[in-house]
Structures are given as C-alpha cells and as structure tokens.
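Chemist: My questions all concern the structure below.
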Amino acid sequence: MADLEAAGQLVLVEDRLIELAHSDRSKTPIEPYLADQWFIRMDELAEPALEAVRSGKLKIVPERYAKSYLDWLSEKRDWPVSRQLWWGHRIPIWHISGVREAALAAAFAGRTSVAWQPDGTARDDDGGGGWFVCTSDETLGVDTIDGQPIVQDSDVLDTWFSSALWPHSTLGWPEQTAELATFYPGSALLTSRDIITLWVARMVIMGVFDTGVLPFREVYIHPKILDRYGETMSKSKGNGVDPLDVIEALGADALRFGMTTLATETQDVRMPVEFQCPACEARIEQTVQNRIQPRIECPKCKKPFKTQWAQTDTDLALPRGPALSERFEAGRNFSNKLWNATRFVLMNLEDFQAGDLAGAGNRFEALEDRWLASRLASVTAEVNRCTDEYRFADAARALYAFTWDEFCSAYLELCKSRLGDPATRDQARAMLLLALDTILRLLHPIMPFLTEEIWQHLGEVAPNRRLPWDRGEAPAASIMVARWPEPPLAWVDRRTEEQFGTFLAVVGAIREIRSRQNVPPKTKLTVQIRAPLSTAELLAPMRGSIESMAGASLGVVGPDATGAPGAATAAAAGCDLFVDLADLIDVGAEIARLKKDHEKLVAMIAAKRVKLGDETFAARAPANVVEKEREQLVEMEDRLVKGMTTLAELAARKPG
RNA sequence: GGGCGGCUAGCUCAGUUGGUUAGAGCGCUACGUUCACACCGUAGAGGUCACAGGUUCGAAUCCUGUGCCGCCCA
C-alpha cells in the first residue's frame, strides 16, 4: 500500500466484507496454510474410468449424473491424498537423511517391493542425502540404515482412498479369496449424488487398477432427503428422522415403503419432520427453534418431553418424543389395509380344498375374474418395468393403487355376494387366493416383514396351493425364496378392462346421486339406466353387482329407460341414470348444482366451437384429434340440453 | 464464476414421445360404524402448472430470458 501510495497510484482505501469459510464442526474461520502434501498423479488412472462410462460398460442412472462424473474425471487433476489426522491408513512412505543410495540398495537388496528416490534436499558434504522410501509391504523391516533413523511419514491417506478399496478389499483382496471370486464385480452401486466424484469415480479407478475389472456395471443415484426447509438432515443440526423411531411408531415396512415412494428421479425430496408427544401423541412441527432444545412442552397436553439434546438429570428423566414424518403414514395405512384384506381372505379360505391354481387361466368366466387376471398381468409387467429402470417409486405406487383401489375396493366387494352363493363360492375363493398370493410376491421387496408374515398364514390355510408360475412345486417355505410371479400377458384383456370400467362408472354415478341428495346409505335407491343396447348388454351380467355395491335396485336398463320428471340424474360412460327421489330430493340443491354445471358447460362448449371453427386447426391437427374434439362437442351439447330439461322440470316442481 | 436440479392443490410429490375437463397421498368439508379395515368407507371442495417472451392448429410438457431455492465444483 505504501508503495502504491508512493507511486501515486493509490486511489481509495475502504473496508470490505469478505466471505470467510467456517469449519462445520468447530465453527471457527478456516485459515489458509501452506504445507507439503502427497498427491497421486491422475492422468493414466482416470482414462479407464472415463472410457468405462463413455463406452457404456458402466451405466449411470439417471443419465444426467454421468456428466458430473465425466467432467470431473476429464480434468485429471492430481489427487491430494495426505491428511494430517490421527486415524486412517498411514501413508506407506518413509524418510531417511544422510545416507547414500548404495546404502539403501544394500539394505533392501532382493526386495522388489521397495523403491526410493531423493527427497529433493541438498546433498551432504560426503555425498549422503535425504530419501523417500516406499513399499507395498506393511513395513520396511528396518529402523535404521547406516545409523540413520528411517521414519514413516506421520500423514494418513484421505478417507476416500480407503473407501475406494471397498468393493474388493472387503472381499479379502489382495488374497484371491472365494468371496472375491463370487462377489466381485458386483452388479449395481446405489448411492447419493454428492459422492459421485469422491467415492464412485475412485472405486472405479481403484477397482480397475487393482483387479483389472470394473467393480460394478450400474450406478443408481437416489434422491437426497432434506428437511422441510430444504436443509440436509444431520445429527448435529438435530433436524433428522431416526429410522428406529419410525419403525417403533409406524412399522419397519412403513419405513421401507415410505423410502421407496420417495425414490423418484428427482434430485431432492423434502421430508417435514414432526415430534410426537409421548403423552398425547400430538404432532409438533419441528422448527429451527425447537429442534435444538433439550425439552419441548406439548402445546396440546402441556406435558414436557425430552429430545436428543437432553443433558440435565431432570430433562433426561422425561419421556422421549420421537421425531417422525407424516410421509411414512401412507405406508403404515397401507400395511394395515393389506393386513385387513388378508384377514378377509383367510376367513373365507377356511376348509377351502381346491388349492391347485396352476390351471387358473382356464377358469376366468365371470367378468370380474377376467378383469382381475388382466390387471394382475398388467401390474406385474408394470412393476417389472419400473424396477428394471430403477423407478422404485413408480413400482410402489402401482402396487399401492392396484391393491387398494382395485383389489380391495372393487374385487373384494364384488366377492362378498359370490362367497355366499355355493355355485360361485369356490371360484371366488380361488381367485382371492391367486390375487393375494401374487400381490404378496410383488410387494415383498418393498414390504418384506408383513408379506412374510401373511405368507406364513397363507401357508397354513392353503398349504397345497400351486400357482401357474410355481411349475408344479409347493409354495416356498419363505416368501423370500418364492418364485417371482409371471402372469402371462395373454391374460391382459383391454376390452374386459373397458367393460369393467363402465361398470365402476355406473356404480360411482349412483353413489354420487346418493351423496348429493344426502340419502342415507341404508335407503335403497331405484335406478333407471338409459344406455345404448351394447352397453346395456354389457352391464346385464353385472346387475347384481351394481345393486350390491351401490345399495340400489335397478329398474329398466336399456335405450328406453326414462326417469320421472325432475328425477335426479347423473351421466356415466355414455349412460344416463335416473333416480326418482320424489320425497327425498333437495330441489334447491339440485337446481344450484345443475346451474353450476350449466355455466361450466356453456364455457367449455364455446371454447370447443372456437377451436373447431379455426380453419388451421382442422387443416393441421391430426384427423383423430379433430374427430375427438367433435365427439366431445356433441357429447357436451347433449348434456347441456338434458341439463336444461331437468332444470325446467325441477323449477316447475319447486314449491313457491 | 462453471455445472446440475427444482418451482404443478394448504403440505409432500407424480405427470411417458406436445393433444379430453392436469393426478395421487396427507390435510380440509359433508355423510356414514352394512359382520376385512375409522390406520376405514362414500362423495365433495381445492390448481392462471414461478414469471415474461417465443415456436405450434394446440404448451405444465419444446426454445429463450428473468426471478427465487438447493446441491456439486472452482
């Protein structure tokens, strides 16, 4: 500064704030310090690791992470491996001063694993110098040479150096063990994105260098879980979830299922954390303030509980409030759902003899059986596809939706009446067994404990069951070694699924009317369904099912069905449903609803007309898209007219 | 400074190659304990898809820019 001033070059002196890095652990500023360190030259080592990914021999999923791997390795920056710590692998380098090379050669004569080179210090007067000595053996075996002490470097290797050895050293390398022969290389490495360069790249480098073989063929990078504020979870911040707490409160399968549904292709997932009051089970949002307190008072029951920070004897004596997340509750609820569905199946399976389901494919006569078989085949294919592509969340979602919404809500309900009829009872039971067994196998990787438990119960009730994919063998003693299900794709039947969809839509429409009009569940509704002949034929065999699932009795189902003037109406799957509610109907509510519908329809019809009137749309959009739009317009206009008729009828009926 | 990702319902997230009225779980509202399940059932409300341009007959989706959030590297 003085020089600048003297030279007349100093313009201004001012105070500036400088970003100063702080140590995460000690919270003290990090000061630069120049020191000699050991480096590993990377140019030759990096090349095979780069080639492995470029050529596709090593696949990184999701693909975008290959970029950070390649970018980083391409720089081929030398790796500083020495650390001034008290733990770790000591660097296999020794120092000696004041000796000539001849003395080293004599001391290590015959040892090919020892190498040395000058350490760069100046020579002594008598020709002796400083040397680095290196060996791949554990020790040098000598303490002095020519009276000079030989001392091992006090530095240890970077933790990632040791970690890079993990795939092969854990299997006994450098010995050629049976474990190494069997388990090396592995198939897939699952890890977090922040250590792709630190760990994954180093394992590849080290694995190839030491064994000549890539340590794994695929790398799956999973998302990282952050708290509700987007911060990385850590014990020292106190913002984490303890898996043991989750297991204790919600179950091990809830934890695993929850983790699986979080495993999407995204980079981060957020997990809001809540304390659970041990006294009243109220949930208390974890905040930046309360997460570092030794005790928290429950705002609901006012009783205090301790956290991981409890220190004093009084705090330590308090009951502990576990840290949980609502994101595991769906898994807990799902476990419960599956357990109860199982109870229902087992209850109905007692004294069931026909356990051989190997020829199940020949017996799908009822619509719902064809549908269930079709769905089993589709869902299995979907789960296979998802797991092959590391889309674990999609697999979990598919199984959750199928089990809950289709197997439990639809199929089990339909079975209830069939189970009471001796003519259909055994077929329904066989189908329940087939479906539950298949669901268990598909779910097992995601919910291992519950599925095993149920598997054992199933084994007691139906020990002789044979599924088509069991190849004539009895069910395995444990689901862990049971065959993966293989429902044939020939079971997939799109027309049946469509048909079944129509059925469900009709049931839904009746339920909607009931709910809209506040009709108690026990009151039977009488429903007329105006449907095209084809749809009516299709619904005919499901008549009883519609009645039982919707709590209704069906009148006319066909093109000529009509409702009394002012009947409550609903549309579904190309049908119009009429429920005459003369004594029950809330006319005002119905009119209000229809008016709202009407406004919405008018707006949508207007938009459609503009679209279809646009010449360029007709000219440039694909024919099927234009056709679809036309059909929708017709359908909407039809609904508009019907709505207006009903409105007029209701208005005439409304008292006053 | 470079790179990667995110911004969709109150919350946490899905949304395949652009094409019905954008979905799920939790939460919320109403009704309901009919013998698998209230950790449940039925129905419902709730979204200008961060913002601004552009491409296109058509954009949550493709392109450009901006803002905010996060991570890796320097």
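In the structure tokens, chains take letters A, B, ... by order of appearance, with residues numbered from 1 within each chain and ligands from 1 in the order shown.
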Identify all chain A residues at most 7 Å from chain B by counting only C-alpha atoms (C1' of nucleotides); ligands do not count. Present them as a PDB file with N, CA, C and O atoms, in the first residue's frame.
Modeler:
ATOM      1  N   ASP A 194     -23.901 -36.642  -4.068  1.00  0.00           N
ATOM      2  CA  ASP A 194     -22.800 -35.777  -3.639  1.00  0.00           C
ATOM      3  C   ASP A 194     -21.472 -36.507  -3.515  1.00  0.00           C
ATOM      4  O   ASP A 194     -20.453 -35.865  -3.284  1.00  0.00           O
ATOM      5  N   GLY A 230     -35.451 -27.458   3.366  1.00  0.00           N
ATOM      6  CA  GLY A 230     -34.505 -27.698   2.283  1.00  0.00           C
ATOM      7  C   GLY A 230     -33.092 -27.927   2.783  1.00  0.00           C
ATOM      8  O   GLY A 230     -32.145 -27.874   2.017  1.00  0.00           O
ATOM      9  N   GLN A 267     -33.953 -34.842  -7.747  1.00  0.00           N
ATOM     10  CA  GLN A 267     -32.663 -34.670  -7.108  1.00  0.00           C
ATOM     11  C   GLN A 267     -32.794 -34.604  -5.588  1.00  0.00           C
ATOM     12  O   GLN A 267     -31.997 -35.155  -4.864  1.00  0.00           O
ATOM     13  N   ALA A 330     -48.574 -43.113   4.990  1.00  0.00           N
ATOM     14  CA  ALA A 330     -49.248 -43.841   3.914  1.00  0.00           C
ATOM     15  C   ALA A 330     -48.819 -45.310   3.952  1.00  0.00           C
ATOM     16  O   ALA A 330     -49.631 -46.212   3.752  1.00  0.00           O
ATOM     17  N   ARG A 332     -47.816 -46.987   6.619  1.00  0.00           N
ATOM     18  CA  ARG A 332     -48.446 -47.613   7.778  1.00  0.00           C
ATOM     19  C   ARG A 332     -49.899 -47.968   7.434  1.00  0.00           C
ATOM     20  O   ARG A 332     -50.369 -49.080   7.676  1.00  0.00           O
ATOM     21  N   ASN A 333     -50.609 -47.013   6.840  1.00  0.00           N
ATOM     22  CA  ASN A 333     -52.005 -47.254   6.488  1.00  0.00           C
ATOM     23  C   ASN A 333     -52.139 -48.392   5.476  1.00  0.00           C
ATOM     24  O   ASN A 333     -53.059 -49.206   5.550  1.00  0.00           O
ATOM     25  N   ASN A 336     -51.741 -51.726   7.073  1.00  0.00           N
ATOM     26  CA  ASN A 336     -52.977 -52.071   7.764  1.00  0.00           C
ATOM     27  C   ASN A 336     -54.049 -52.551   6.790  1.00  0.00           C
ATOM     28  O   ASN A 336     -54.764 -53.512   7.047  1.00  0.00           O
ATOM     29  N   LYS A 337     -54.121 -51.868   5.660  1.00  0.00           N
ATOM     30  CA  LYS A 337     -55.111 -52.240   4.650  1.00  0.00           C
ATOM     31  C   LYS A 337     -54.859 -53.667   4.153  1.00  0.00           C
ATOM     32  O   LYS A 337     -55.766 -54.484   4.073  1.00  0.00           O
ATOM     33  N   ASN A 340     -55.760 -56.269   6.756  1.00  0.00           N
ATOM     34  CA  ASN A 340     -57.196 -56.496   6.902  1.00  0.00           C
ATOM     35  C   ASN A 340     -57.794 -57.204   5.704  1.00  0.00           C
ATOM     36  O   ASN A 340     -58.703 -58.026   5.854  1.00  0.00           O
ATOM     37  N   ALA A 341     -57.287 -56.882   4.522  1.00  0.00           N
ATOM     38  CA  ALA A 341     -57.753 -57.602   3.332  1.00  0.00           C
ATOM     39  C   ALA A 341     -57.407 -59.080   3.470  1.00  0.00           C
ATOM     40  O   ALA A 341     -58.190 -59.965   3.130  1.00  0.00           O
ATOM     41  N   ARG A 343     -57.058 -60.723   6.262  1.00  0.00           N
ATOM     42  CA  ARG A 343     -57.967 -61.319   7.250  1.00  0.00           C
ATOM     43  C   ARG A 343     -59.259 -61.766   6.565  1.00  0.00           C
ATOM     44  O   ARG A 343     -59.782 -62.845   6.821  1.00  0.00           O
ATOM     45  N   PHE A 344     -59.753 -60.910   5.703  1.00  0.00           N
ATOM     46  CA  PHE A 344     -60.989 -61.230   4.984  1.00  0.00           C
ATOM     47  C   PHE A 344     -60.798 -62.477   4.113  1.00  0.00           C
ATOM     48  O   PHE A 344     -61.627 -63.399   4.121  1.00  0.00           O
ATOM     49  N   GLU A 512     -72.883 -41.105  -6.373  1.00  0.00           N
ATOM     50  CA  GLU A 512     -72.800 -39.638  -6.419  1.00  0.00           C
ATOM     51  C   GLU A 512     -74.177 -39.028  -6.161  1.00  0.00           C
ATOM     52  O   GLU A 512     -74.315 -38.061  -5.412  1.00  0.00           O
ATOM     53  N   SER A 515     -75.011 -39.298  -2.505  1.00  0.00           N
ATOM     54  CA  SER A 515     -74.278 -38.353  -1.676  1.00  0.00           C
ATOM     55  C   SER A 515     -74.807 -36.929  -1.872  1.00  0.00           C
ATOM     56  O   SER A 515     -75.003 -36.187  -0.914  1.00  0.00           O
ATOM     57  N   THR A 616     -57.256 -23.444 -39.457  1.00  0.00           N
ATOM     58  CA  THR A 616     -55.918 -24.035 -39.406  1.00  0.00           C
ATOM     59  C   THR A 616     -55.904 -25.261 -38.499  1.00  0.00           C
ATOM     60  O   THR A 616     -55.146 -26.189 -38.724  1.00  0.00           O
ATOM     61  N   PHE A 617     -56.757 -25.242 -37.488  1.00  0.00           N
ATOM     62  CA  PHE A 617     -56.806 -26.420 -36.615  1.00  0.00           C
ATOM     63  C   PHE A 617     -57.276 -27.628 -37.407  1.00  0.00           C
ATOM     64  O   PHE A 617     -56.642 -28.687 -37.397  1.00  0.00           O
ATOM     65  N   ARG A 620     -54.511 -28.659 -39.881  1.00  0.00           N
ATOM     66  CA  ARG A 620     -53.184 -29.133 -39.464  1.00  0.00           C
ATOM     67  C   ARG A 620     -53.193 -30.195 -38.364  1.00  0.00           C
ATOM     68  O   ARG A 620     -52.248 -30.961 -38.256  1.00  0.00           O
ATOM     69  N   ALA A 621     -54.221 -30.215 -37.554  1.00  0.00           N
ATOM     70  CA  ALA A 621     -54.228 -31.218 -36.488  1.00  0.00           C
ATOM     71  C   ALA A 621     -54.530 -32.583 -37.087  1.00  0.00           C
ATOM     72  O   ALA A 621     -55.233 -32.677 -38.090  1.00  0.00           O
ATOM     73  N   VAL A 625     -57.488 -36.357 -33.740  1.00  0.00           N
ATOM     74  CA  VAL A 625     -57.637 -35.329 -32.707  1.00  0.00           C
ATOM     75  C   VAL A 625     -58.861 -34.466 -33.011  1.00  0.00           C
ATOM     76  O   VAL A 625     -59.664 -34.153 -32.132  1.00  0.00           O
TER      77      VAL A 625
END
Chemist: If DSSP is run on the backbone, what residues of segment 457-638 of chain A are helix (DSSP H, G or I)? A reply as number ranges by chain would be ideal.
Modeler: A: 457-461, 468-470, 479-481, 489-491, 494-516, 533-550, 587-613, 615-620, 623-638
Chemist: Identify, on the basis of only C-alpha atoms (C1' of nucleotides), every residue whose closest approach to Arg100 of chain A does not exceed 7 Å; exclude the query and any residue fewer than 5 positions from it along the same chain; express the result as a ChimeraX atom specification.
Modeler: /A:127-129
Chemist: Atoms to include: N, CA, C and O atoms. Write the selected residues as a CSV table (one decimal), in the first residue's frame.
Modeler:
chain,number,residue,atom,x,y,z
A,127,GLY,N,28.3,-36.7,0.4
A,127,GLY,CA,27.5,-37.4,-0.7
A,127,GLY,C,26.3,-38.0,-0.2
A,127,GLY,O,25.4,-38.5,-1.0
A,128,GLY,N,26.0,-38.0,1.1
A,128,GLY,CA,24.7,-38.6,1.6
A,128,GLY,C,23.6,-37.6,1.4
A,128,GLY,O,23.8,-36.4,1.3
A,129,GLY,N,22.4,-38.1,1.3
A,129,GLY,CA,21.2,-37.2,1.0
A,129,GLY,C,20.0,-37.7,1.7
A,129,GLY,O,20.0,-38.6,2.5
Chemist: Just want the 9 Å neighbourhood of G18 of chain B, counted on only C-alpha atoms (C1' of nucleotides), with same-chain residues fewer than 4 positions away dropped. Output as a PyMOL selection string.
Modeler: chain B and resi 58-59+61-62
Chemist: Quick one: everything within 12 Å of G54 of chain B, counting only C-alpha atoms (C1' of nucleotides), minus sequence neighbours fewer than 2 positions away in the same chain. Send it as a list in words.
Modeler: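 Contacts, in chain order: A52, U56, A59, C62, C63, U64 and G65 of chain B.
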Chemist: Please, could you write that set of residues out with C-alpha atoms (C1' of nucleotides) as an mmCIF file, in the first residue's frame?
Modeler:
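File produced: again09.cif:
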data_model
loop_
_atom_site.group_PDB
_atom_site.id
_atom_site.type_symbol
_atom_site.label_atom_id
_atom_site.label_comp_id
_atom_site.auth_asym_id
_atom_site.auth_seq_id
_atom_site.Cartn_x
_atom_site.Cartn_y
_atom_site.Cartn_z
ATOM 1 C "C1'" A B 52 -42.064 -12.840 -19.340
ATOM 2 C "C1'" U B 56 -47.033 -24.519 -32.797
ATOM 3 C "C1'" A B 59 -47.613 -25.889 -24.392
ATOM 4 C "C1'" C B 62 -40.253 -27.695 -26.614
ATOM 5 C "C1'" C B 63 -36.937 -22.935 -27.064
ATOM 6 C "C1'" U B 64 -35.009 -18.099 -24.945
ATOM 7 C "C1'" G B 65 -34.726 -14.889 -20.923
#
